[in-house]
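Student: So I've got this file, my_file-v2.txt, and it contains compact mmCIF, C-alpha atoms and all ligand atoms:
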```txt
# COMPACT_ATOMS: atom_id res chain seq x y z
CA MET A 1 -13.37 176.37 38.99
CA ALA A 2 -14.65 174.38 36.02
CA LEU A 3 -13.48 170.79 36.41
CA ASP A 4 -13.30 168.22 33.64
CA LEU A 5 -14.31 165.33 35.90
CA LEU A 6 -15.35 164.82 39.51
CA VAL A 7 -14.83 161.43 41.15
CA THR A 8 -17.18 161.29 44.12
CA GLY A 9 -17.46 159.17 47.26
CA ALA A 10 -13.98 157.66 47.26
CA THR A 11 -12.47 155.74 50.15
CA LEU A 12 -8.69 156.11 50.35
CA ALA A 13 -6.12 153.56 51.47
CA ASP A 14 -5.48 155.54 54.69
CA GLY A 15 -9.12 155.03 55.69
CA ARG A 16 -10.52 158.46 54.78
CA ALA A 17 -13.99 158.05 53.29
CA GLY A 18 -16.42 160.32 51.43
CA ILE A 19 -13.61 161.94 49.46
CA ASP A 20 -14.20 163.76 46.16
CA ILE A 21 -11.46 164.18 43.59
CA GLY A 22 -11.71 167.10 41.15
CA ILE A 23 -9.77 166.70 37.90
CA LYS A 24 -8.71 169.46 35.50
CA ASP A 25 -6.36 169.22 32.50
CA GLY A 26 -5.25 165.72 33.43
CA ARG A 27 -4.26 166.63 36.99
CA ILE A 28 -5.86 166.49 40.41
CA ALA A 29 -7.11 170.03 41.05
CA GLU A 30 -8.93 169.39 44.32
CA ILE A 31 -9.27 166.49 46.74
CA GLY A 32 -11.16 166.29 50.02
CA PRO A 33 -14.55 165.92 51.67
CA VAL A 34 -15.62 169.20 50.05
CA VAL A 35 -14.71 170.12 46.49
CA HIS A 36 -15.68 173.59 45.25
CA GLY A 37 -15.23 173.19 41.51
CA GLN A 38 -18.11 172.32 39.20
CA ALA A 39 -17.64 169.38 36.87
CA GLU A 40 -19.07 168.59 33.48
CA ARG A 41 -19.00 164.88 34.30
CA THR A 42 -18.99 162.85 37.49
CA LEU A 43 -17.94 159.31 38.30
CA ASP A 44 -19.36 157.89 41.51
CA ALA A 45 -16.93 155.66 43.41
CA ALA A 46 -19.81 154.87 45.82
CA GLY A 47 -17.61 154.28 48.85
CA ARG A 48 -15.11 152.10 47.05
CA LEU A 49 -11.36 152.19 47.40
CA VAL A 50 -9.53 154.56 45.06
CA VAL A 51 -5.76 154.16 44.71
CA PRO A 52 -3.08 155.63 42.49
CA PRO A 53 -2.02 153.21 39.74
CA PHE A 54 -0.19 150.00 40.50
CA VAL A 55 3.53 150.13 39.81
CA ASP A 56 5.42 146.97 38.90
CA SER A 57 8.99 147.73 39.89
CA HIS A 58 10.56 144.47 38.70
CA PHE A 59 9.67 142.81 35.42
CA HIS A 60 11.23 141.11 32.38
CA MET A 61 9.32 142.38 29.37
CA ASP A 62 11.73 140.99 26.78
CA ALA A 63 10.73 137.45 27.78
CA THR A 64 7.08 137.87 28.70
CA LEU A 65 4.35 135.83 26.96
CA SER A 66 6.97 133.63 25.28
CA LEU A 67 5.65 130.56 27.10
CA GLY A 68 6.20 127.44 24.99
CA LEU A 69 8.88 129.04 22.78
CA PRO A 70 10.81 127.10 21.66
CA ARG A 71 9.44 124.57 24.15
CA LEU A 72 7.85 124.44 27.61
CA ASN A 73 9.82 124.47 30.87
CA ARG A 74 8.77 120.92 31.78
CA SER A 75 10.49 120.79 35.19
CA GLY A 76 9.44 124.31 36.23
CA THR A 77 12.93 124.91 37.62
CA LEU A 78 15.22 127.94 37.38
CA LEU A 79 17.93 125.86 35.70
CA GLU A 80 15.66 124.69 32.88
CA GLY A 81 14.36 128.27 32.62
CA ILE A 82 17.88 129.61 32.13
CA ALA A 83 18.62 126.93 29.52
CA LEU A 84 15.36 127.74 27.73
CA TRP A 85 16.08 131.48 27.60
CA GLY A 86 19.47 130.58 26.11
CA GLU A 87 17.66 128.64 23.36
CA LEU A 88 15.08 131.37 22.75
CA LYS A 89 17.42 134.39 22.74
CA PRO A 90 19.06 133.69 19.35
CA LEU A 91 15.60 133.21 17.83
CA LEU A 92 14.20 136.54 19.04
CA THR A 93 13.21 139.17 16.52
CA GLU A 94 12.57 142.82 17.28
CA GLU A 95 9.05 142.51 15.85
CA ALA A 96 8.18 139.54 18.07
CA VAL A 97 9.56 141.27 21.18
CA VAL A 98 7.49 144.37 20.39
CA GLU A 99 4.34 142.36 19.69
CA ARG A 100 4.52 140.33 22.91
CA ALA A 101 5.43 143.35 25.03
CA LEU A 102 2.52 145.37 23.66
CA ALA A 103 0.15 142.47 24.37
CA TYR A 104 1.46 142.33 27.94
CA VAL A 105 1.12 146.09 28.41
CA ASP A 106 -2.54 145.83 27.34
CA LEU A 107 -3.08 143.19 30.03
CA ALA A 108 -1.19 145.22 32.64
CA VAL A 109 -2.92 148.53 31.90
CA ALA A 110 -6.33 146.86 31.96
CA GLN A 111 -5.52 145.84 35.53
CA GLY A 112 -4.51 149.28 36.67
CA ILE A 113 -0.73 149.17 36.24
CA GLY A 114 0.51 152.66 35.37
CA ALA A 115 4.27 152.08 35.38
CA ILE A 116 6.66 149.18 34.92
CA ARG A 117 10.40 148.90 35.47
CA SER A 118 11.57 146.16 33.11
CA HIS A 119 15.01 144.64 33.00
CA VAL A 120 16.17 143.94 29.46
CA ASP A 121 18.90 141.43 28.68
CA VAL A 122 21.96 143.08 27.10
CA CYS A 123 23.90 139.81 26.67
CA ASP A 124 23.10 139.68 22.98
CA PRO A 125 25.43 141.19 20.37
CA LYS A 126 22.40 142.40 18.38
CA LEU A 127 20.67 143.92 21.44
CA THR A 128 17.36 142.74 19.98
CA GLY A 129 15.46 143.08 23.27
CA VAL A 130 16.84 146.56 23.90
CA ARG A 131 15.85 147.78 20.44
CA GLY A 132 12.39 146.26 20.76
CA LEU A 133 11.65 147.60 24.23
CA LEU A 134 12.95 151.11 23.45
CA LYS A 135 10.35 151.13 20.68
CA VAL A 136 7.69 149.84 23.06
CA ARG A 137 8.56 152.52 25.65
CA GLU A 138 7.74 155.17 23.08
CA ILE A 139 4.56 153.53 21.76
CA VAL A 140 3.01 152.97 25.20
CA ALA A 141 4.06 156.31 26.76
CA PRO A 142 0.56 157.82 26.53
CA TYR A 143 -0.85 155.06 28.76
CA LEU A 144 2.07 153.42 30.61
CA THR A 145 5.40 154.68 31.94
CA LEU A 146 8.02 152.11 31.01
CA GLN A 147 11.46 152.31 32.60
CA LEU A 148 14.20 150.04 31.26
CA VAL A 149 17.17 148.49 33.07
CA ALA A 150 20.26 147.36 31.12
CA PHE A 151 20.58 143.87 32.56
CA PRO A 152 23.62 141.68 31.81
CA GLN A 153 21.69 138.47 32.49
CA ASP A 154 24.63 136.16 31.78
CA GLY A 155 27.07 138.19 33.89
CA LEU A 156 28.85 141.52 33.38
CA TYR A 157 32.23 139.73 33.27
CA ARG A 158 31.07 136.16 32.62
CA TYR A 159 29.49 136.91 29.23
CA PRO A 160 32.10 138.11 26.74
CA GLY A 161 31.47 141.71 25.76
CA ALA A 162 28.63 142.24 28.25
CA ARG A 163 30.13 145.43 29.70
CA ASP A 164 30.40 147.07 26.26
CA LEU A 165 26.88 145.95 25.39
CA LEU A 166 25.59 147.43 28.65
CA LEU A 167 27.26 150.76 27.86
CA GLN A 168 25.85 150.63 24.35
CA ALA A 169 22.34 150.04 25.74
CA LEU A 170 22.72 153.04 28.07
CA ASP A 171 23.89 155.18 25.14
CA MET A 172 20.80 154.06 23.23
CA GLY A 173 18.62 155.48 26.02
CA VAL A 174 18.07 152.66 28.51
CA ASP A 175 17.28 154.35 31.83
CA VAL A 176 18.81 152.29 34.64
CA ILE A 177 22.00 150.26 35.25
CA GLY A 178 21.52 146.56 36.04
CA GLY A 179 23.73 143.69 37.14
CA ILE A 180 23.81 140.19 38.59
CA PRO A 181 26.81 139.81 40.94
CA HIS A 182 25.90 136.32 42.22
CA PHE A 183 26.02 134.98 38.65
CA GLU A 184 29.63 136.05 38.02
CA ARG A 185 32.18 133.24 38.18
CA THR A 186 33.58 134.05 41.61
CA MET A 187 32.57 135.99 44.68
CA ALA A 188 35.48 138.34 43.93
CA GLU A 189 34.24 139.04 40.39
CA GLY A 190 30.74 139.55 41.77
CA THR A 191 32.03 142.16 44.21
CA ALA A 192 34.11 143.80 41.47
CA SER A 193 30.97 144.04 39.29
CA VAL A 194 29.13 145.80 42.15
CA THR A 195 31.92 148.38 42.51
CA ASP A 196 32.16 148.84 38.75
CA LEU A 197 28.40 149.34 38.30
CA CYS A 198 28.03 151.71 41.28
CA THR A 199 30.90 153.81 39.90
CA LEU A 200 29.21 153.84 36.49
CA ALA A 201 25.88 154.90 38.07
CA THR A 202 27.66 157.75 39.86
CA GLU A 203 29.53 158.90 36.75
CA ARG A 204 26.40 158.83 34.59
CA GLY A 205 24.00 160.12 37.25
CA LEU A 206 21.72 157.13 36.70
CA MET A 207 19.66 154.85 38.92
CA ILE A 208 20.97 151.34 39.54
CA ASP A 209 18.98 148.15 40.22
CA LEU A 210 20.92 144.91 40.65
CA HIS A 211 19.58 141.36 40.74
CA CYS A 212 21.39 140.62 43.98
CA ASP A 213 21.95 137.29 45.74
CA GLU A 214 19.02 135.50 44.10
CA THR A 215 20.15 132.19 45.53
CA ASP A 216 19.60 129.99 48.58
CA ASP A 217 23.32 130.16 49.43
CA PRO A 218 23.57 131.96 52.79
CA LEU A 219 27.15 132.94 51.94
CA SER A 220 26.09 134.89 48.87
CA ARG A 221 26.70 138.28 50.50
CA HIS A 222 27.02 140.73 47.61
CA ILE A 223 24.40 142.88 49.28
CA GLU A 224 26.99 143.79 51.92
CA ALA A 225 29.40 145.21 49.34
CA TYR A 226 26.50 146.77 47.44
CA ALA A 227 25.18 148.65 50.49
CA ALA A 228 28.72 149.83 51.30
CA GLU A 229 29.30 151.05 47.72
CA VAL A 230 25.91 152.79 47.66
CA GLN A 231 26.87 154.60 50.83
CA ARG A 232 30.39 155.43 49.61
CA HIS A 233 29.05 156.94 46.38
CA GLY A 234 26.06 158.58 48.10
CA LEU A 235 23.66 156.86 45.70
CA GLY A 236 20.96 156.42 48.40
CA GLY A 237 17.48 156.01 46.98
CA ARG A 238 18.82 155.89 43.41
CA ALA A 239 20.01 152.35 44.19
CA THR A 240 17.89 149.23 44.49
CA ALA A 241 18.65 145.61 45.35
CA SER A 242 16.25 143.14 43.76
CA HIS A 243 15.46 139.67 45.14
CA LEU A 244 18.02 139.27 48.02
CA THR A 245 16.77 135.73 48.59
CA SER A 246 20.04 134.55 50.16
CA MET A 247 19.09 136.72 53.13
CA HIS A 248 16.35 134.20 53.89
CA SER A 249 19.01 131.58 54.64
CA MET A 250 21.61 133.79 56.28
CA ASP A 251 22.80 133.37 59.82
CA ASN A 252 20.57 135.54 62.03
CA TYR A 253 23.47 137.25 63.77
CA TYR A 254 24.97 138.26 60.43
CA ALA A 255 21.56 139.45 59.21
CA SER A 256 21.22 141.58 62.34
CA LYS A 257 24.36 143.45 61.27
CA LEU A 258 23.43 143.59 57.60
CA LEU A 259 19.92 145.04 57.91
CA PRO A 260 21.07 148.31 59.56
CA LEU A 261 23.85 148.58 56.96
CA ILE A 262 21.23 148.42 54.18
CA ALA A 263 19.06 150.95 56.04
CA GLU A 264 22.01 153.32 56.53
CA SER A 265 22.82 153.27 52.82
CA GLY A 266 19.33 154.59 52.00
CA MET A 267 18.89 152.03 49.22
CA ASN A 268 15.63 150.31 48.22
CA VAL A 269 14.73 146.64 48.07
CA ILE A 270 12.39 144.81 45.69
CA ALA A 271 11.12 141.33 46.56
CA ASN A 272 9.38 139.12 44.00
CA PRO A 273 7.17 136.75 45.98
CA LEU A 274 5.45 134.86 43.14
CA ILE A 275 8.69 133.85 41.49
CA ASN A 276 10.88 133.24 44.50
CA ILE A 277 8.34 131.16 46.41
CA ALA A 278 8.25 128.93 43.32
CA ILE A 279 11.97 128.86 42.50
CA GLN A 280 13.84 128.92 45.81
CA GLY A 281 14.37 125.97 48.10
CA ARG A 282 14.54 123.51 45.20
CA HIS A 283 17.58 121.69 46.57
CA ASP A 284 15.96 121.21 49.97
CA ALA A 285 14.51 118.06 51.44
CA TYR A 286 11.85 118.77 54.07
CA PRO A 287 11.53 121.32 55.57
CA LYS A 288 11.77 123.36 52.36
CA ARG A 289 12.83 126.98 52.61
CA ARG A 290 10.48 129.65 51.31
CA GLY A 291 13.45 131.65 50.08
CA LEU A 292 11.97 135.15 50.20
CA THR A 293 13.99 138.00 51.60
CA ARG A 294 13.30 139.41 55.09
CA VAL A 295 10.60 141.92 54.16
CA PRO A 296 8.95 142.53 57.58
CA GLU A 297 12.35 143.02 59.23
CA MET A 298 13.37 145.44 56.47
CA LEU A 299 10.18 147.47 56.87
CA GLU A 300 10.85 147.62 60.59
CA GLN A 301 14.25 149.16 59.83
CA GLY A 302 12.66 151.75 57.56
CA ILE A 303 14.04 150.22 54.35
CA PRO A 304 11.68 150.95 51.43
CA VAL A 305 10.49 147.58 50.09
CA ALA A 306 8.44 147.12 46.93
CA LEU A 307 6.98 143.91 45.50
CA GLY A 308 7.50 143.04 41.83
CA HIS A 309 5.77 140.62 39.47
CA ASP A 310 9.08 139.62 37.80
CA CYS A 311 7.72 137.17 35.19
CA VAL A 312 4.51 136.36 33.34
CA MET A 313 4.33 133.28 31.10
CA ASP A 314 8.00 133.07 30.19
CA PRO A 315 10.84 130.52 30.41
CA TRP A 316 11.03 130.86 34.21
CA TYR A 317 7.39 131.05 35.19
CA SER A 318 4.43 129.59 33.33
CA LEU A 319 1.87 131.47 35.42
CA GLY A 320 1.24 135.14 36.18
CA SER A 321 -1.51 137.47 35.01
CA GLY A 322 -0.22 141.04 35.34
CA ASP A 323 -2.24 141.52 38.52
CA MET A 324 -0.29 143.35 41.23
CA LEU A 325 -2.95 142.36 43.79
CA ASP A 326 -1.97 138.76 43.10
CA VAL A 327 1.64 139.72 43.94
CA ALA A 328 0.56 141.39 47.20
CA HIS A 329 -1.62 138.36 48.04
CA MET A 330 1.33 135.98 47.71
CA ALA A 331 3.56 138.26 49.81
CA ILE A 332 1.03 138.30 52.65
CA HIS A 333 0.96 134.50 52.72
CA ALA A 334 4.58 133.64 52.07
CA LEU A 335 5.98 136.31 54.40
CA HIS A 336 3.47 135.84 57.24
CA MET A 337 2.41 139.46 56.78
CA THR A 338 -1.13 138.90 58.04
CA SER A 339 -1.40 141.68 60.63
CA VAL A 340 -3.72 144.49 59.54
CA ASP A 341 -0.80 146.93 59.21
CA ALA A 342 1.34 144.43 57.29
CA MET A 343 -1.47 143.66 54.82
CA THR A 344 -1.94 147.38 54.19
CA ALA A 345 1.83 147.74 53.76
CA CYS A 346 1.61 145.15 50.98
CA LEU A 347 -0.72 147.46 49.04
CA ASP A 348 1.79 150.32 49.50
CA ALA A 349 4.47 147.93 48.19
CA VAL A 350 2.70 147.71 44.82
CA THR A 351 1.70 151.41 44.59
CA THR A 352 3.38 154.29 46.44
CA THR A 353 6.68 152.63 47.42
CA PRO A 354 7.63 151.44 43.93
CA ALA A 355 6.52 154.82 42.53
CA ALA A 356 9.14 156.42 44.77
CA ILE A 357 11.75 153.82 43.77
CA LEU A 358 11.16 154.52 40.08
CA GLN A 359 11.24 158.26 40.90
CA LEU A 360 7.93 158.76 39.11
CA GLU A 361 7.01 162.42 38.92
CA ASP A 362 3.63 163.74 40.06
CA TYR A 363 2.42 160.34 41.26
CA GLY A 364 -0.17 160.06 44.03
CA LEU A 365 -3.56 161.22 45.20
CA ALA A 366 -2.80 164.85 46.00
CA VAL A 367 -3.42 168.25 44.43
CA GLY A 368 -1.09 168.80 41.47
CA CYS A 369 -0.45 165.11 40.84
CA ASN A 370 -1.35 163.42 37.58
CA ALA A 371 -4.99 162.34 37.59
CA ASP A 372 -4.02 158.68 37.36
CA LEU A 373 -6.15 156.47 39.57
CA VAL A 374 -7.89 153.15 39.89
CA ILE A 375 -11.34 152.61 41.37
CA LEU A 376 -11.39 149.15 42.90
CA ASP A 377 -14.48 147.10 43.74
CA ALA A 378 -13.35 146.93 47.38
CA ALA A 379 -13.99 148.69 50.66
CA ASP A 380 -10.37 148.87 51.87
CA PRO A 381 -6.84 147.60 51.10
CA VAL A 382 -7.34 144.21 52.76
CA ASP A 383 -10.59 143.66 50.89
CA ALA A 384 -8.88 144.63 47.63
CA ILE A 385 -6.10 142.07 48.10
CA ARG A 386 -8.44 139.38 49.45
CA THR A 387 -10.73 139.45 46.41
CA LYS A 388 -8.17 140.67 43.85
CA ALA A 389 -10.85 143.27 43.34
CA ALA A 390 -12.14 144.21 39.91
CA ARG A 391 -10.62 147.39 38.55
CA LEU A 392 -13.93 149.11 37.84
CA HIS A 393 -12.34 152.17 36.26
CA VAL A 394 -8.71 152.87 35.39
CA LEU A 395 -7.95 156.55 34.76
CA ARG A 396 -4.86 158.02 33.13
CA ARG A 397 -4.48 161.82 33.03
CA GLY A 398 -8.14 162.12 33.95
CA LYS A 399 -9.47 159.87 31.19
CA VAL A 400 -10.97 156.40 31.64
CA ILE A 401 -8.67 154.03 29.71
CA ALA A 402 -9.85 150.65 31.05
CA GLY A 403 -12.38 148.97 33.27
CA SER A 404 -13.78 145.64 34.40
CA PRO A 405 -17.20 144.57 35.68
CA PRO A 406 -17.48 143.57 39.36
CA ARG A 407 -16.74 139.94 40.05
CA ARG A 408 -20.04 138.08 40.31
CA ALA A 409 -21.29 134.52 39.86
CA THR A 410 -24.85 133.50 39.14
CA LEU A 411 -26.57 131.07 41.47
CA ALA A 412 -29.44 128.73 40.68
CA LEU A 413 -30.43 127.50 44.14
CA PRO A 414 -34.03 127.50 45.33
CA GLY A 415 -34.64 130.15 47.97
CA ARG A 416 -31.22 131.76 47.57
CA PRO A 417 -30.23 135.02 45.84
CA ASP A 418 -29.50 134.60 42.15
CA ALA A 419 -25.93 135.90 42.41
CA VAL A 420 -22.99 135.88 44.80
CA SER A 421 -20.59 138.76 45.12
CA TRP A 422 -17.00 138.82 46.28
CA SER A 423 -17.12 142.37 47.55
CA ARG A 424 -17.74 143.21 51.17
CA PRO A 425 -20.75 145.47 51.77
CA THR A 426 -19.49 149.03 52.12
CA ALA A 427 -20.47 150.92 55.25
CA GLY A 428 -23.38 153.31 54.66
FE FE2 B 501 14.29 139.43 37.76
```
Mind turning the file's structure into structure tokens?

Tutor:
Amino acid sequence: MALDLLVTGATLADGRAGIDIGIKDGRIAEIGPVVHGQAERTLDAAGRLVVPPFVDSHFHMDATLSLGLPRLNRSGTLLEGIALWGELKPLLTEEAVVERALAYVDLAVAQGIGAIRSHVDVCDPKLTGVRGLLKVREIVAPYLTLQLVAFPQDGLYRYPGARDLLLQALDMGVDVIGGIPHFERTMAEGTASVTDLCTLATERGLMIDLHCDETDDPLSRHIEAYAAEVQRHGLGGRATASHLTSMHSMDNYYASKLLPLIAESGMNVIANPLINIAIQGRHDAYPKRRGLTRVPEMLEQGIPVALGHDCVMDPWYSLGSGDMLDVAHMAIHALHMTSVDAMTACLDAVTTTPAAILQLEDYGLAVGCNADLVILDAADPVDAIRTKAARLHVLRRGKVIAGSPPRRATLALPGRPDAVSWSRPTAG
């Protein structure tokens, strides 16, 4: 077979080494230690780790890169962030949303992100963010898969007209149903919003992803109703609960009942370690809670858990760089996931698991899948996360669309090498 490109000498995340990947017409035609096809061009991975693209399953692209508009979040708190977004929202223009989102996508794609699920605020009578991001979804389609969630940020019932605006956004082509039960005025209204939105997802045959219990209040238990509704409607893997930070503070006995209920429902979970380690526990004296959801316990129960970036340089978070290895790095530290298996699971949580949650078609390193891959300057998953390894080559549909040089520093010390490298020597 005549191949378009042959990637040689790849190490895969499962430990297989010396793997060649034959690419034809934008898809993986062959993969293994022996590839029979002849290629016009080759790209030598030289023993480095090759992964399918990073997938950011939880992001807010309508707010990204707006840092400083109309002013900075001086306190760095969630409350000032919410107030700031309220000030910025009426000032948004479609053009500015598009411009900032495109700039962010450039940054994300350069770092090997191939797909993003972005929530977009529908609590705006003009739906400026929705209009802007629908445009962006189309523009970036050749190099990034963008999935949009209709997110009633100020509450489905709390913000006047939010439900109609959400329906309007779905009619305009937004992909996924969103919600924020813990932000409704009462627990009862929160629960009612969960039922309402799950029914809507069932009627429309859509995926659903709720911001759920993003609070330190251990009695914020909307996830219980959500899991029950997901099961009742048979939504399974079409449903996702994002954040779930109240679970950090819940009574352990109650959590021991809740975790199997979530597992039984077949739903997914997305944790956002960078944001929640910074935002949760703010009312605490010492000791201060970390506030992340119970990721290792969820994985033990077989619940699919992905890690999202959530925010980059916006009213809620002044930091962030579009690097999913940075997200995995924080998860390892903040969740005590330092066993070898847990660290590797954190790479899955920014690649294969979120790809399944987003229901991406033809994703992965297997014959027939899209030839989308990232060659990292790392020997294995732990090394990749440790060094936030350079993305040497980023391929989309078999074509190199981005790349970065290896991370190096020059040294000027007598008797020492003239450069230091972050990468671990590869075996052989
Ligand atoms: Fe979020």

Student: When distances are computed from all atoms listed in the file, which of A:Leu78, A:Ile113, A:Val140, A:Met207 shows the smallest separation from ligand FE2 501 (chain B)?

Tutor: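 Going through A:Leu78, A:Ile113, A:Val140, A:Met207 one by one, the smallest distance to ligand FE2 501 (chain B) is for A:Leu78.
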
Student: What gap, in Å, lies between CA of Asp323 (chain A) and CA of Ala390 (chain A)?

Tutor: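 About the pair CA of Asp323 (chain A) and CA of Ala390 (chain A): they are 10.4 Å apart.
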
Student: Kindly compile the residues surrounding ligand FE2 501 (chain B) within 9 Å, counting all atoms listed in the file, and format them as a list in words.

Tutor: His58, Phe59, His60, Ser118, His119, His211, Glu214, Ser242, His243, Asn272, Ile275, Gly308, His309, Asp310 and Cys311 of chain A

Student: Extending 8 Å beyond the listed atoms of region 374-391 of chain A on each side, what axis-aligned box results? I want centre and edge lengths in Å to one decimal, as JSON.

Tutor:
```
{"center_x": -10.3, "center_y": 146.3, "center_z": 45.7, "size_x": 24.4, "size_y": 29.8, "size_z": 30.2}
```

Student: Go through A:Leu148, A:Ala306, A:Pro160, A:Gly190 one by one, measure the shortest atom-to-atom distance of each to Ile177 (chain A) using only C-alpha atoms, and give the residue with the smallest value.

Tutor: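 For Ile177 (chain A), the nearest of the given residues is A:Leu148.
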
Student: Measuring atom to atom with all atoms listed in the file, identify which of A:Ala63, A:Leu261, A:Met247, A:Ala412 is nearest to Ala227 (chain A).

Tutor: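 Nearest candidate to Ala227 (chain A) out of A:Ala63, A:Leu261, A:Met247, A:Ala412: A:Leu261.
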
Student: Kindly add all heavy atoms to the incomplete region 386-392 of chain A and provide the output as a CSV table (one decimal), in the coordinates of the input.

Tutor:
```csv
chain,number,residue,atom,x,y,z
A,386,ARG,N,-7.7,140.6,49.2
A,386,ARG,CA,-8.4,139.4,49.4
A,386,ARG,C,-9.2,138.9,48.2
A,386,ARG,O,-9.1,137.7,47.8
A,386,ARG,CB,-9.5,139.6,50.6
A,386,ARG,CG,-10.4,138.4,50.9
A,386,ARG,CD,-11.4,138.7,52.0
A,386,ARG,NE,-12.4,139.6,51.6
A,386,ARG,CZ,-13.5,139.3,50.9
A,386,ARG,NH1,-13.7,138.1,50.5
A,386,ARG,NH2,-14.4,140.3,50.5
A,387,THR,N,-9.9,139.8,47.5
A,387,THR,CA,-10.7,139.4,46.4
A,387,THR,C,-10.0,139.7,45.1
A,387,THR,O,-10.6,139.3,44.0
A,387,THR,CB,-12.0,140.3,46.4
A,387,THR,OG1,-11.7,141.7,46.3
A,387,THR,CG2,-12.8,140.1,47.7
A,388,LYS,N,-8.8,140.2,45.1
A,388,LYS,CA,-8.2,140.7,43.8
A,388,LYS,C,-9.2,141.5,43.1
A,388,LYS,O,-9.6,141.2,41.9
A,388,LYS,CB,-7.6,139.5,43.1
A,388,LYS,CG,-6.7,138.7,44.0
A,388,LYS,CD,-5.9,137.6,43.3
A,388,LYS,CE,-5.2,136.8,44.4
A,388,LYS,NZ,-5.3,135.4,44.2
A,389,ALA,N,-9.7,142.5,43.8
A,389,ALA,CA,-10.8,143.3,43.3
A,389,ALA,C,-10.8,143.7,41.9
A,389,ALA,O,-9.8,144.1,41.4
A,389,ALA,CB,-11.0,144.5,44.3
A,390,ALA,N,-12.0,143.7,41.3
A,390,ALA,CA,-12.1,144.2,39.9
A,390,ALA,C,-11.7,145.7,39.9
A,390,ALA,O,-12.0,146.4,40.8
A,390,ALA,CB,-13.6,144.1,39.5
A,391,ARG,N,-11.0,146.0,38.8
A,391,ARG,CA,-10.6,147.4,38.6
A,391,ARG,C,-11.8,148.0,37.7
A,391,ARG,O,-11.8,147.9,36.5
A,391,ARG,CB,-9.3,147.5,37.8
A,391,ARG,CG,-8.1,147.4,38.7
A,391,ARG,CD,-7.3,146.2,38.6
A,391,ARG,NE,-7.7,145.0,39.4
A,391,ARG,CZ,-6.8,144.1,39.9
A,391,ARG,NH1,-5.6,144.3,39.6
A,391,ARG,NH2,-7.2,143.1,40.6
A,392,LEU,N,-12.7,148.6,38.5
A,392,LEU,CA,-13.9,149.1,37.8
A,392,LEU,C,-13.6,150.2,36.8
A,392,LEU,O,-14.1,150.1,35.7
A,392,LEU,CB,-14.9,149.7,38.9
A,392,LEU,CG,-15.3,148.7,40.0
A,392,LEU,CD1,-16.2,149.4,41.0
A,392,LEU,CD2,-16.1,147.5,39.4
```
